[in-house]
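Visitor: structure-v6.pdb is reproduced below (PDB, C-alpha atoms).
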ATOM      1  CA  MET A   1      94.454 -99.885 -12.482
ATOM      2  CA  ALA A   2      90.836-100.657 -11.651
ATOM      3  CA  GLN A   3      91.490-103.889 -13.504
ATOM      4  CA  VAL A   4      93.401-105.290 -10.518
ATOM      5  CA  VAL A   5      92.422-105.652  -6.880
ATOM      6  CA  PRO A   6      95.321-104.244  -4.856
ATOM      7  CA  ILE A   7      96.339-105.140  -1.330
ATOM      8  CA  LYS A   8      99.348-104.674   0.910
ATOM      9  CA  LEU A   9     100.467-107.578   3.054
ATOM     10  CA  ASP A  10     102.521-107.319   6.219
ATOM     11  CA  THR A  11     105.228-109.983   6.174
ATOM     12  CA  GLY A  12     105.001-110.129   9.948
ATOM     13  CA  SER A  13     101.399-111.297   9.876
ATOM     14  CA  GLU A  14     100.000-114.824  10.083
ATOM     15  CA  VAL A  15      97.828-114.121   7.088
ATOM     16  CA  TRP A  16     100.894-113.446   5.015
ATOM     17  CA  GLN A  17     102.496-116.747   6.121
ATOM     18  CA  THR A  18      99.491-118.592   4.732
ATOM     19  CA  TRP A  19      99.573-116.488   1.605
ATOM     20  CA  ALA A  20     103.306-117.060   1.093
ATOM     21  CA  ARG A  21     102.921-120.833   1.399
ATOM     22  CA  LYS A  22     100.309-120.769  -1.330
ATOM     23  CA  HIS A  23     102.082-118.312  -3.615
ATOM     24  CA  LYS A  24     105.786-119.195  -3.688
ATOM     25  CA  ALA A  25     107.922-116.205  -4.568
ATOM     26  CA  GLU A  26     111.234-116.084  -6.442
ATOM     27  CA  GLY A  27     114.122-114.437  -4.633
ATOM     28  CA  LYS A  28     114.550-113.226  -1.097
ATOM     29  CA  GLY A  29     113.932-109.918   0.539
ATOM     30  CA  ILE A  30     111.158-107.376   0.426
ATOM     31  CA  PRO A  31     109.057-106.003  -1.062
ATOM     32  CA  ILE A  32     107.562-109.014  -2.771
ATOM     33  CA  VAL A  33     105.210-108.308  -5.609
ATOM     34  CA  TYR A  34     102.455-110.777  -6.457
ATOM     35  CA  VAL A  35      99.919-110.985  -9.205
ATOM     36  CA  VAL A  36      97.356-113.701  -8.523
ATOM     37  CA  ARG A  37      94.672-114.651 -11.000
ATOM     38  CA  ALA A  38      91.045-114.661  -9.869
ATOM     39  CA  ASP A  39      91.009-118.459  -9.639
ATOM     40  CA  GLY A  40      93.982-118.366  -7.250
ATOM     41  CA  GLU A  41      96.700-119.200  -9.799
ATOM     42  CA  THR A  42      99.959-117.320  -9.158
ATOM     43  CA  LEU A  43     100.879-115.312 -12.248
ATOM     44  CA  TYR A  44     103.828-113.460 -10.746
ATOM     45  CA  ALA A  45     105.630-113.640  -7.411
ATOM     46  CA  ASN A  46     109.030-112.015  -7.176
ATOM     47  CA  SER A  47     110.941-110.115  -4.563
ATOM     48  CA  GLY A  48     112.535-106.793  -5.359
ATOM     49  CA  THR A  49     111.450-103.341  -6.262
ATOM     50  CA  LEU A  50     109.951-102.520  -9.624
ATOM     51  CA  ASN A  51     110.231 -99.158 -11.269
ATOM     52  CA  ASP A  52     107.210 -97.584 -12.922
ATOM     53  CA  ASN A  53     108.031 -98.944 -16.361
ATOM     54  CA  GLN A  54     108.599-102.499 -15.102
ATOM     55  CA  LEU A  55     105.396-102.279 -13.156
ATOM     56  CA  LYS A  56     103.433-101.184 -16.200
ATOM     57  CA  ILE A  57     104.900-104.081 -18.207
ATOM     58  CA  LEU A  58     104.077-106.517 -15.390
ATOM     59  CA  LEU A  59     100.511-105.327 -15.062
ATOM     60  CA  THR A  60      99.960-105.382 -18.819
ATOM     61  CA  ALA A  61     101.285-108.957 -18.993
ATOM     62  CA  ALA A  62      99.188-109.905 -15.985
ATOM     63  CA  MET A  63      96.048-108.488 -17.540
ATOM     64  CA  ASN A  64      96.743-110.365 -20.762
ATOM     65  CA  SER A  65      96.740-113.612 -18.763
ATOM     66  CA  ALA A  66      93.906-112.658 -16.454
ATOM     67  CA  GLY A  67      90.992-113.348 -18.766
ATOM     68  CA  LEU A  68      87.834-111.326 -19.047
ATOM     69  CA  VAL A  69      87.055-108.967 -16.163
ATOM     70  CA  LEU A  70      83.385-108.845 -15.225
ATOM     71  CA  GLY A  71      81.280-105.889 -14.173
ATOM     72  CA  GLU A  72      78.290-106.093 -11.872
ATOM     73  CA  ASN A  73      75.881-106.542 -14.779
ATOM     74  CA  ASP A  74      78.022-109.310 -16.281
ATOM     75  CA  VAL A  75      78.037-111.130 -12.941
ATOM     76  CA  ASP A  76      74.244-110.900 -12.730
ATOM     77  CA  ILE A  77      73.756-112.182 -16.281
ATOM     78  CA  LEU A  78      76.171-115.106 -15.916
ATOM     79  CA  THR A  79      74.775-116.084 -12.507
ATOM     80  CA  GLU A  80      71.194-116.110 -13.795
ATOM     81  CA  VAL A  81      72.117-117.986 -16.979
ATOM     82  CA  THR A  82      74.045-120.595 -14.969
ATOM     83  CA  LYS A  83      71.034-121.118 -12.703
ATOM     84  CA  GLN A  84      68.672-121.681 -15.623
ATOM     85  CA  PHE A  85      71.156-123.758 -17.581
ATOM     86  CA  GLN A  86      71.724-126.061 -14.617
ATOM     87  CA  GLU A  87      67.997-126.464 -14.030
ATOM     88  CA  PHE A  88      67.388-127.531 -17.628
ATOM     89  CA  ARG A  89      70.461-129.784 -17.663
ATOM     90  CA  LEU A  90      69.433-131.574 -14.477
ATOM     91  CA  ASN A  91      65.916-132.007 -15.889
ATOM     92  CA  GLY A  92      67.397-133.809 -18.901
ATOM     93  CA  ASP A  93      66.557-130.999 -21.328
ATOM     94  CA  PRO A  94      69.828-130.060 -23.051
ATOM     95  CA  LYS A  95      68.046-128.268 -25.877
ATOM     96  CA  SER A  96      66.442-125.759 -23.487
ATOM     97  CA  ALA A  97      69.686-125.554 -21.499
ATOM     98  CA  LEU A  98      71.532-124.515 -24.668
ATOM     99  CA  LYS A  99      68.819-122.018 -25.556
ATOM    100  CA  SER A 100      69.081-120.516 -22.067
ATOM    101  CA  LEU A 101      72.679-119.555 -22.909
ATOM    102  CA  LYS A 102      71.441-116.848 -25.279
ATOM    103  CA  PRO A 103      71.791-113.881 -22.867
ATOM    104  CA  ALA A 104      75.394-114.982 -22.229
ATOM    105  CA  LYS A 105      76.242-115.510 -25.890
ATOM    106  CA  ARG A 106      78.532-112.476 -26.105
ATOM    107  CA  TYR A 107      80.719-113.922 -23.337
ATOM    108  CA  LEU A 108      81.248-117.276 -25.028
ATOM    109  CA  GLY A 109      84.464-117.699 -27.010
ATOM    110  CA  LYS A 110      85.169-120.031 -29.909
ATOM    111  CA  SER A 111      85.583-122.897 -27.467
ATOM    112  CA  GLY A 112      82.023-122.317 -26.261
ATOM    113  CA  GLN A 113      83.304-121.266 -22.830
ATOM    114  CA  VAL A 114      83.560-117.922 -21.046
ATOM    115  CA  GLY A 115      87.171-116.713 -21.147
ATOM    116  CA  SER A 116      87.233-115.491 -17.579
ATOM    117  CA  TYR A 117      88.553-116.789 -14.259
ATOM    118  CA  ALA A 118      85.776-115.111 -12.296
ATOM    119  CA  LYS A 119      83.649-117.516 -10.273
ATOM    120  CA  PRO A 120      80.401-116.824 -12.184
ATOM    121  CA  ALA A 121      82.246-117.644 -15.421
ATOM    122  CA  ILE A 122      83.910-120.742 -13.951
ATOM    123  CA  ASP A 123      80.538-121.966 -12.669
ATOM    124  CA  LEU A 124      78.944-121.555 -16.091
ATOM    125  CA  ASN A 125      81.934-123.167 -17.818
ATOM    126  CA  GLN A 126      81.653-126.183 -15.519
ATOM    127  CA  GLU A 127      77.961-126.488 -16.315
ATOM    128  CA  ILE A 128      78.649-126.281 -20.049
ATOM    129  CA  GLN A 129      81.433-128.840 -19.678
ATOM    130  CA  LEU A 130      79.077-131.274 -17.952
ATOM    131  CA  LEU A 131      76.633-130.895 -20.822
ATOM    132  CA  VAL A 132      79.408-131.375 -23.391
ATOM    133  CA  GLN A 133      80.426-134.581 -21.589
ATOM    134  CA  ALA A 134      76.831-135.839 -21.589
ATOM    135  CA  ALA A 135      76.545-134.923 -25.285
ATOM    136  CA  ASN A 136      79.764-136.788 -26.094
ATOM    137  CA  ASP A 137      78.491-139.911 -24.339
ATOM    138  CA  SER A 138      75.100-139.778 -26.087
ATOM    139  CA  ILE A 139      76.665-139.057 -29.464
ATOM    140  CA  GLN A 140      79.134-141.910 -29.052
ATOM    141  CA  ASP A 141      76.233-144.241 -28.208
ATOM    142  CA  VAL A 142      74.262-143.213 -31.254
ATOM    143  CA  ALA A 143      77.347-143.489 -33.483
ATOM    144  CA  ASN A 144      77.768-147.105 -32.342
ATOM    145  CA  GLN A 145      74.064-147.796 -32.785
ATOM    146  CA  VAL A 146      74.082-146.426 -36.351
ATOM    147  CA  GLU A 147      77.177-148.449 -37.215
ATOM    148  CA  LYS A 148      75.691-151.673 -35.852
ATOM    149  CA  ALA A 149      72.301-151.017 -37.475
ATOM    150  CA  LYS A 150      73.850-151.238 -40.949
ATOM    151  CA  GLU A 151      73.917-155.007 -40.524
ATOM    152  CA  LEU A 152      70.565-155.279 -38.721
ATOM    153  CA  SER A 153      66.874-155.258 -39.631
ATOM    154  CA  GLU A 154      64.970-152.348 -41.135
ATOM    155  CA  GLU A 155      63.263-151.781 -37.780
ATOM    156  CA  GLU A 156      66.651-151.521 -36.003
ATOM    157  CA  GLN A 157      67.824-149.110 -38.650
ATOM    158  CA  ILE A 158      64.723-146.967 -38.162
ATOM    159  CA  ARG A 159      65.365-146.950 -34.397
ATOM    160  CA  ALA A 160      68.992-145.912 -34.902
ATOM    161  CA  ILE A 161      67.998-143.094 -37.270
ATOM    162  CA  GLN A 162      65.302-141.854 -34.888
ATOM    163  CA  LYS A 163      67.806-141.927 -32.045
ATOM    164  CA  TYR A 164      70.270-139.969 -34.168
ATOM    165  CA  LEU A 165      67.629-137.371 -35.052
ATOM    166  CA  GLY A 166      66.614-137.054 -31.393
ATOM    167  CA  ILE A 167      70.203-136.499 -30.257
ATOM    168  CA  LYS A 168      70.809-134.075 -33.120
ATOM    169  CA  ASP A 169      67.728-132.109 -32.121
ATOM    170  CA  GLN A 170      68.873-131.917 -28.486
ATOM    171  CA  TYR A 171      72.493-130.940 -29.179
ATOM    172  CA  ALA A 172      72.272-129.051 -32.490
ATOM    173  CA  ASP A 173      73.240-125.785 -30.761
ATOM    174  CA  LEU A 174      76.270-127.263 -29.052
ATOM    175  CA  LYS A 175      79.328-126.280 -31.087
ATOM    176  CA  PRO A 176      81.702-129.094 -30.007
ATOM    177  CA  SER A 177      79.100-131.704 -31.042
ATOM    178  CA  LYS A 178      78.471-130.462 -34.545
ATOM    179  CA  SER A 179      81.367-132.179 -36.308
ATOM    180  CA  GLU A 180      80.680-135.540 -34.657
ATOM    181  CA  LEU A 181      76.973-135.331 -35.544
ATOM    182  CA  SER A 182      77.935-134.540 -39.148
ATOM    183  CA  ARG A 183      80.259-137.542 -39.161
ATOM    184  CA  ILE A 184      77.443-139.854 -38.039
ATOM    185  CA  TYR A 185      75.166-138.365 -40.700
ATOM    186  CA  SER A 186      77.759-138.981 -43.440
ATOM    187  CA  ASN A 187      78.322-142.516 -42.181
ATOM    188  CA  LEU A 188      74.606-143.209 -42.134
ATOM    189  CA  ARG A 189      74.147-142.022 -45.710
ATOM    190  CA  LYS A 190      76.885-144.299 -46.979
ATOM    191  CA  ASN A 191      74.428-147.178 -46.485
ATOM    192  CA  GLU A 192      71.845-147.059 -49.278
ATOM    193  CA  GLN A 193      68.982-148.539 -47.255
ATOM    194  CA  MET A 194      69.626-146.305 -44.255
ATOM    195  CA  LYS A 195      69.909-143.280 -46.540
ATOM    196  CA  SER A 196      66.498-144.049 -48.007
ATOM    197  CA  LEU A 197      65.021-144.729 -44.547
ATOM    198  CA  TYR A 198      66.508-141.483 -43.254
ATOM    199  CA  ASP A 199      64.853-139.426 -46.021
ATOM    200  CA  SER A 200      61.511-141.147 -45.362
ATOM    201  CA  ILE A 201      61.737-140.605 -41.606
ATOM    202  CA  ARG A 202      62.445-136.922 -42.153
ATOM    203  CA  ILE A 203      59.216-136.660 -44.168
ATOM    204  CA  LEU A 204      57.337-138.535 -41.432
ATOM    205  CA  ASP A 205      58.733-136.238 -38.729
ATOM    206  CA  MET A 206      57.871-133.087 -40.635
ATOM    207  CA  ALA A 207      54.411-134.391 -41.452
ATOM    208  CA  ALA A 208      53.800-135.192 -37.795
ATOM    209  CA  ALA A 209      54.843-131.642 -36.870
ATOM    210  CA  ALA A 210      52.612-129.953 -39.484
ATOM    211  CA  GLN A 211      50.469-127.280 -37.864
ATOM    212  CA  SER A 212      48.691-125.146 -40.436
ATOM    213  CA  ALA A 213      46.045-126.398 -42.858
ATOM    214  CA  SER A 214      48.313-125.749 -45.841
ATOM    215  CA  GLN A 215      51.205-127.654 -44.224
ATOM    216  CA  LYS A 216      48.897-130.547 -43.434
ATOM    217  CA  ALA A 217      47.615-130.625 -47.037
ATOM    218  CA  ARG A 218      51.174-130.575 -48.384
ATOM    219  CA  TYR A 219      52.283-133.418 -46.137
ATOM    220  CA  ARG A 220      49.191-135.463 -46.874
ATOM    221  CA  ASP A 221      50.331-135.457 -50.511
ATOM    222  CA  LYS A 222      53.884-136.324 -49.552
ATOM    223  CA  LEU A 223      52.727-139.175 -47.335
ATOM    224  CA  GLN A 224      50.493-140.540 -50.102
ATOM    225  CA  LYS A 225      53.462-140.537 -52.440
ATOM    226  CA  LEU A 226      55.624-142.173 -49.771
ATOM    227  CA  LEU A 227      53.016-144.899 -49.251
ATOM    228  CA  GLU A 228      53.008-145.635 -52.971
ATOM    229  CA  THR A 229      56.765-145.791 -53.364
ATOM    230  CA  THR A 230      58.369-147.001 -50.126
ATOM    231  CA  PRO A 231      59.506-150.628 -50.040
ATOM    232  CA  PHE A 232      59.763-150.516 -46.231
ATOM    233  CA  PRO A 233      56.840-151.921 -44.201
ATOM    234  CA  GLY A 234      57.985-149.984 -41.096
ATOM    235  CA  ILE A 235      57.801-146.691 -42.991
ATOM    236  CA  LYS A 236      54.490-147.625 -44.567
ATOM    237  CA  SER A 237      52.779-148.345 -41.239
ATOM    238  CA  ARG A 238      54.105-145.114 -39.705
ATOM    239  CA  ALA A 239      53.026-143.101 -42.761
ATOM    240  CA  GLU A 240      49.511-144.543 -42.497
ATOM    241  CA  THR A 241      49.272-143.596 -38.839
ATOM    242  CA  ILE A 242      50.412-140.004 -39.431
ATOM    243  CA  LEU A 243      48.216-139.677 -42.507
ATOM    244  CA  GLY A 244      45.254-140.702 -40.375
ATOM    245  CA  GLN A 245      46.138-138.000 -37.859
ATOM    246  CA  LEU A 246      46.450-135.365 -40.601
ATOM    247  CA  GLN A 247      43.037-136.256 -41.974
ATOM    248  CA  ASP A 248      41.285-135.944 -38.608
TER     249      ASP A 248
ATOM    250  CA  MET B   1      97.600-108.678  10.890
ATOM    251  CA  LEU B   2      97.402-106.992   7.556
ATOM    252  CA  LEU B   3      98.785-103.537   7.324
ATOM    253  CA  ILE B   4      96.842-101.390   4.948
ATOM    254  CA  LYS B   5      98.159 -97.892   5.242
ATOM    255  CA  SER B   6     101.804 -97.717   6.100
ATOM    256  CA  LEU B   7     103.932-100.022   4.007
ATOM    257  CA  GLN B   8     106.922 -98.480   2.352
ATOM    258  CA  VAL B   9     106.877 -98.987  -1.363
ATOM    259  CA  ALA B  10     109.550 -97.879  -3.729
ATOM    260  CA  SER B  11     107.513 -96.894  -6.742
ATOM    261  CA  PRO B  12     105.047 -93.993  -6.703
ATOM    262  CA  LEU B  13     102.880 -95.954  -9.113
ATOM    263  CA  LEU B  14     103.008 -98.952  -6.806
ATOM    264  CA  ALA B  15     102.004 -96.728  -3.925
ATOM    265  CA  ALA B  16      99.132 -95.321  -5.944
ATOM    266  CA  ILE B  17      97.863 -98.774  -6.828
ATOM    267  CA  THR B  18      98.088-100.171  -3.333
ATOM    268  CA  SER B  19      96.453 -97.107  -1.831
ATOM    269  CA  LEU B  20      93.284 -98.044  -3.713
ATOM    270  CA  THR B  21      92.820-100.844  -1.218
ATOM    271  CA  CYS B  22      92.482 -98.272   1.538
ATOM    272  CA  LEU B  23      89.540 -96.783  -0.325
ATOM    273  CA  ALA B  24      87.959-100.085  -1.169
ATOM    274  CA  LEU B  25      88.179-101.903   2.124
ATOM    275  CA  PRO B  26      85.955 -99.741   4.343
ATOM    276  CA  LEU B  27      83.100-100.245   1.871
ATOM    277  CA  ALA B  28      82.914-103.899   2.798
ATOM    278  CA  GLY B  29      82.079-103.089   6.415
ATOM    279  CA  GLN B  30      79.337-100.596   5.761
ATOM    280  CA  GLU B  31      76.406-102.995   5.841
ATOM    281  CA  ALA B  32      74.394-102.641   9.021
ATOM    282  CA  GLY B  33      75.688-104.935  11.697
ATOM    283  CA  ALA B  34      78.470-106.253   9.521
ATOM    284  CA  SER B  35      81.708-106.965  11.278
ATOM    285  CA  GLN B  36      84.948-105.556   9.885
ATOM    286  CA  PRO B  37      85.843-107.856   6.985
ATOM    287  CA  ASP B  38      89.162-109.582   6.755
ATOM    288  CA  PRO B  39      90.949-107.454   4.119
ATOM    289  CA  LEU B  40      92.506-110.409   2.327
ATOM    290  CA  GLU B  41      89.244-112.356   2.283
ATOM    291  CA  TYR B  42      87.515-109.286   0.952
ATOM    292  CA  VAL B  43      90.091-108.766  -1.782
ATOM    293  CA  GLN B  44      89.972-112.452  -2.726
ATOM    294  CA  SER B  45      86.193-112.425  -2.922
ATOM    295  CA  VAL B  46      86.191-109.295  -5.116
ATOM    296  CA  SER B  47      88.804-110.896  -7.347
ATOM    297  CA  ALA B  48      86.895-114.184  -7.559
ATOM    298  CA  MET B  49      83.613-112.483  -8.349
ATOM    299  CA  THR B  50      84.931-110.058 -10.984
ATOM    300  CA  GLY B  51      87.886-111.935 -12.471
ATOM    301  CA  ARG B  52      90.219-109.062 -11.631
ATOM    302  CA  PRO B  53      93.624-110.380 -10.567
ATOM    303  CA  ILE B  54      94.970-109.552  -7.112
ATOM    304  CA  PHE B  55      97.960-107.267  -7.079
ATOM    305  CA  ALA B  56      99.665-107.737  -3.733
ATOM    306  CA  VAL B  57     102.774-106.145  -2.308
ATOM    307  CA  ALA B  58     104.271-107.746   0.770
ATOM    308  CA  GLY B  59     106.586-105.798   3.022
ATOM    309  CA  GLN B  60     107.345-104.972   6.610
ATOM    310  CA  SER B  61     105.233-102.508   8.520
ATOM    311  CA  THR B  62     106.935 -99.292   9.540
TER     312      THR B  62
END
Please express what this file holds, its structure, as structure tokens.
Guide:
Amino acid sequence: MAQVVPIKLDTGSEVWQTWARKHKAEGKGIPIVYVVRADGETLYANSGTLNDNQLKILLTAAMNSAGLVLGENDVDILTEVTKQFQEFRLNGDPKSALKSLKPAKRYLGKSGQVGSYAKPAIDLNQEIQLLVQAANDSIQDVANQVEKAKELSEEEQIRAIQKYLGIKDQYADLKPSKSELSRIYSNLRKNEQMKSLYDSIRILDMAAAAQSASQKARYRDKLQKLLETTPFPGIKSRAETILGQLQD
Amino acid sequence: MLLIKSLQVASPLLAAITSLTCLALPLAGQEAGASQPDPLEYVQSVSAMTGRPIFAVAGQST
């Protein structure tokens, strides 16, 4: 019973008039029993008495439609995560925003949203939805760019691949984006030149990110090999630049 | 005005559930200097914050 918040309403009161306008009940007469979800949605509003068994059935059904109930600790976690998530999102850092979801991971369902109608959950869901929308727009842009680049110069193809890799890096942890990113990747690799450019760019990116001495040595070798074999001037010039940095 | 303590309800279980409100409501007014909260506002805010649905019974005061 602690799963519901109970209240009695006096049908002679003004407050009840407002309530009744918002939550239309079936039937006439009193008592009227209401079950209202945390977001204000009316789940049940009927006049007439309920016996204990009917009441148990009603409350069980209501709880099945009510979503996740939050405790004080859950509220604190979701509120803090929402605050951080929003900050990163507004700063144009979706990757960090998605990482900031980690403490709230256990609340997120398959849809990537919190299955609760509590305000802290709704707030976080709205934030996630805004990020999903931004991801969809960016991913659609890069999909178009990759498609167009197939018919364009090597340099345009390199730009499209780098854009794709940048978007993938930012949104890799966003579940709804994964299939669309995979689709772009498959599409890109259907073009032989872009496939070859993609593999070269991946080597360049990893070489540029090399930290330890052994990693740097390994990527120096890979870049040397790339310089000897690549037919693409754009890849060659980039490889030379990174190789110079690795030798410093 | 909301009536918290003296509605007639037919089911003992219903009465037990609704009586919880009587226990919960005074807590909202315990903060120093806080005015007596509107019971419905209080219940709605608890529901909104926790996700617990509101179970309301409307009837006439006795």
Visitor: Give me, as a PyMOL selection string, the contact residues of chain A against chain B at a cut-off of 9 Å, counting all atoms listed in the file.
Guide: chain A and resi 1-16+29-40+43+47+49-52+55-56+59+62-63+66-72+74-75+116-121
Visitor: Please write as a PDB file with C-alpha atoms, in the frame of the given file the full residue list that the PyMOL selection byres ((chain A and resi 105-109) around 12) yields on this file.
Guide:
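Saved as part.pdb:
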ATOM      1  CA  GLY A  67      90.992-113.348 -18.766  1.00  0.00           C
ATOM      2  CA  LEU A  68      87.834-111.326 -19.047  1.00  0.00           C
ATOM      3  CA  VAL A  69      87.055-108.967 -16.163  1.00  0.00           C
ATOM      4  CA  LEU A  70      83.385-108.845 -15.225  1.00  0.00           C
ATOM      5  CA  ASP A  74      78.022-109.310 -16.281  1.00  0.00           C
ATOM      6  CA  VAL A  75      78.037-111.130 -12.941  1.00  0.00           C
ATOM      7  CA  ILE A  77      73.756-112.182 -16.281  1.00  0.00           C
ATOM      8  CA  LEU A  78      76.171-115.106 -15.916  1.00  0.00           C
ATOM      9  CA  VAL A  81      72.117-117.986 -16.979  1.00  0.00           C
ATOM     10  CA  LEU A  98      71.532-124.515 -24.668  1.00  0.00           C
ATOM     11  CA  LYS A  99      68.819-122.018 -25.556  1.00  0.00           C
ATOM     12  CA  SER A 100      69.081-120.516 -22.067  1.00  0.00           C
ATOM     13  CA  LEU A 101      72.679-119.555 -22.909  1.00  0.00           C
ATOM     14  CA  LYS A 102      71.441-116.848 -25.279  1.00  0.00           C
ATOM     15  CA  PRO A 103      71.791-113.881 -22.867  1.00  0.00           C
ATOM     16  CA  ALA A 104      75.394-114.982 -22.229  1.00  0.00           C
ATOM     17  CA  LYS A 110      85.169-120.031 -29.909  1.00  0.00           C
ATOM     18  CA  SER A 111      85.583-122.897 -27.467  1.00  0.00           C
ATOM     19  CA  GLY A 112      82.023-122.317 -26.261  1.00  0.00           C
ATOM     20  CA  GLN A 113      83.304-121.266 -22.830  1.00  0.00           C
ATOM     21  CA  VAL A 114      83.560-117.922 -21.046  1.00  0.00           C
ATOM     22  CA  GLY A 115      87.171-116.713 -21.147  1.00  0.00           C
ATOM     23  CA  SER A 116      87.233-115.491 -17.579  1.00  0.00           C
ATOM     24  CA  PRO A 120      80.401-116.824 -12.184  1.00  0.00           C
ATOM     25  CA  ALA A 121      82.246-117.644 -15.421  1.00  0.00           C
ATOM     26  CA  ILE A 122      83.910-120.742 -13.951  1.00  0.00           C
ATOM     27  CA  LEU A 124      78.944-121.555 -16.091  1.00  0.00           C
ATOM     28  CA  ASN A 125      81.934-123.167 -17.818  1.00  0.00           C
ATOM     29  CA  ILE A 128      78.649-126.281 -20.049  1.00  0.00           C
ATOM     30  CA  ASP A 173      73.240-125.785 -30.761  1.00  0.00           C
ATOM     31  CA  LEU A 174      76.270-127.263 -29.052  1.00  0.00           C
ATOM     32  CA  LYS A 175      79.328-126.280 -31.087  1.00  0.00           C
TER      33      LYS A 175
END
Visitor: Between CA of Lys225 in chain A and CA of Ser153 in chain A, what is the distance in Å, rounded to a tenth?
Guide: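 According to the coordinates, CA of Lys225 in chain A and CA of Ser153 in chain A are separated by 23.7 Å.
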Visitor: Report, as JSON, the axis-aligned box around all atoms of range 68-72 of chain A present in the file, extended by 3 Å on each side; give centre and edge lengths in Å to one decimal place.
Guide:
{"center_x": 83.1, "center_y": -108.6, "center_z": -15.5, "size_x": 15.5, "size_y": 11.4, "size_z": 13.2}
Visitor: As a check of understanding, name the residues that the PyMOL selection byres ((chain A and resi 192-196) around 12) selects in the supplied structure, as a PyMOL selection string.
Guide: chain A and resi 146-162+164+184-191+197-203+226+229-232+235
Visitor: In Å, with one decimal, what is the gap from CA of Thr60 in chain A to CA of Arg21 in chain A?
Guide: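 These two atoms are separated by 25.6 Å.
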Visitor: Distance CA of Asp205 in chain A-CA of Glu180 in chain A, one decimal place?
Guide: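 Between CA of Asp205 in chain A and CA of Glu180 in chain A the gap works out to 22.3 Å.
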Visitor: Could you pull the residues within 10 Å of Glu87 in chain A, counting all atoms listed in the file, minus those fewer than 6 positions along the same chain, as a compact mmCIF listing (two decimals) with C-alpha atoms, in the frame of the given file?
Guide:
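Result file follows (part.txt):
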# COMPACT_ATOMS: atom_id res chain seq x y z
CA VAL A 81 72.12 -117.99 -16.98
CA ASP A 93 66.56 -131.00 -21.33
CA PRO A 94 69.83 -130.06 -23.05
CA SER A 96 66.44 -125.76 -23.49
CA ALA A 97 69.69 -125.55 -21.50
Visitor: Neighbouring residues of Tyr171 in chain A were defined as those with any atom within 10 Å, considering only C-alpha atoms; residues of the same chain fewer than 5 positions away were excluded. Please report them as a PyMOL selection string.
Guide: chain A and resi 93-98+131-132+135-136+138-139+165-166+176-178+181
Visitor: What would the file look like if the residues just selected were written as an mmCIF file, in the coordinates of the input with C-alpha atoms?
Guide:
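Output (out.cif):
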data_model
loop_
_atom_site.group_PDB
_atom_site.id
_atom_site.type_symbol
_atom_site.label_atom_id
_atom_site.label_comp_id
_atom_site.auth_asym_id
_atom_site.auth_seq_id
_atom_site.Cartn_x
_atom_site.Cartn_y
_atom_site.Cartn_z
ATOM 1 C CA ASP A 93 66.557 -130.999 -21.328
ATOM 2 C CA PRO A 94 69.828 -130.060 -23.051
ATOM 3 C CA LYS A 95 68.046 -128.268 -25.877
ATOM 4 C CA SER A 96 66.442 -125.759 -23.487
ATOM 5 C CA ALA A 97 69.686 -125.554 -21.499
ATOM 6 C CA LEU A 98 71.532 -124.515 -24.668
ATOM 7 C CA LEU A 131 76.633 -130.895 -20.822
ATOM 8 C CA VAL A 132 79.408 -131.375 -23.391
ATOM 9 C CA ALA A 135 76.545 -134.923 -25.285
ATOM 10 C CA ASN A 136 79.764 -136.788 -26.094
ATOM 11 C CA SER A 138 75.100 -139.778 -26.087
ATOM 12 C CA ILE A 139 76.665 -139.057 -29.464
ATOM 13 C CA LEU A 165 67.629 -137.371 -35.052
ATOM 14 C CA GLY A 166 66.614 -137.054 -31.393
ATOM 15 C CA PRO A 176 81.702 -129.094 -30.007
ATOM 16 C CA SER A 177 79.100 -131.704 -31.042
ATOM 17 C CA LYS A 178 78.471 -130.462 -34.545
ATOM 18 C CA LEU A 181 76.973 -135.331 -35.544
#
Visitor: Out of A:Tyr219, A:Glu240, A:Ala134, A:Gln126, which residue has the shortest atom-to-atom distance to Thr82 in chain A when counting all atoms listed in the file?
Guide: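 Closest to Thr82 in chain A, using all atoms listed in the file: A:Gln126.
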Visitor: Pick out the closest residue to Lys163 in chain A from this set: A:Gln145, A:Ser65, A:Gln133, A:Ser212. Count all atoms listed in the file.
Guide: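 Ranking A:Gln145, A:Ser65, A:Gln133, A:Ser212 by distance to Lys163 in chain A, first place goes to A:Gln145.
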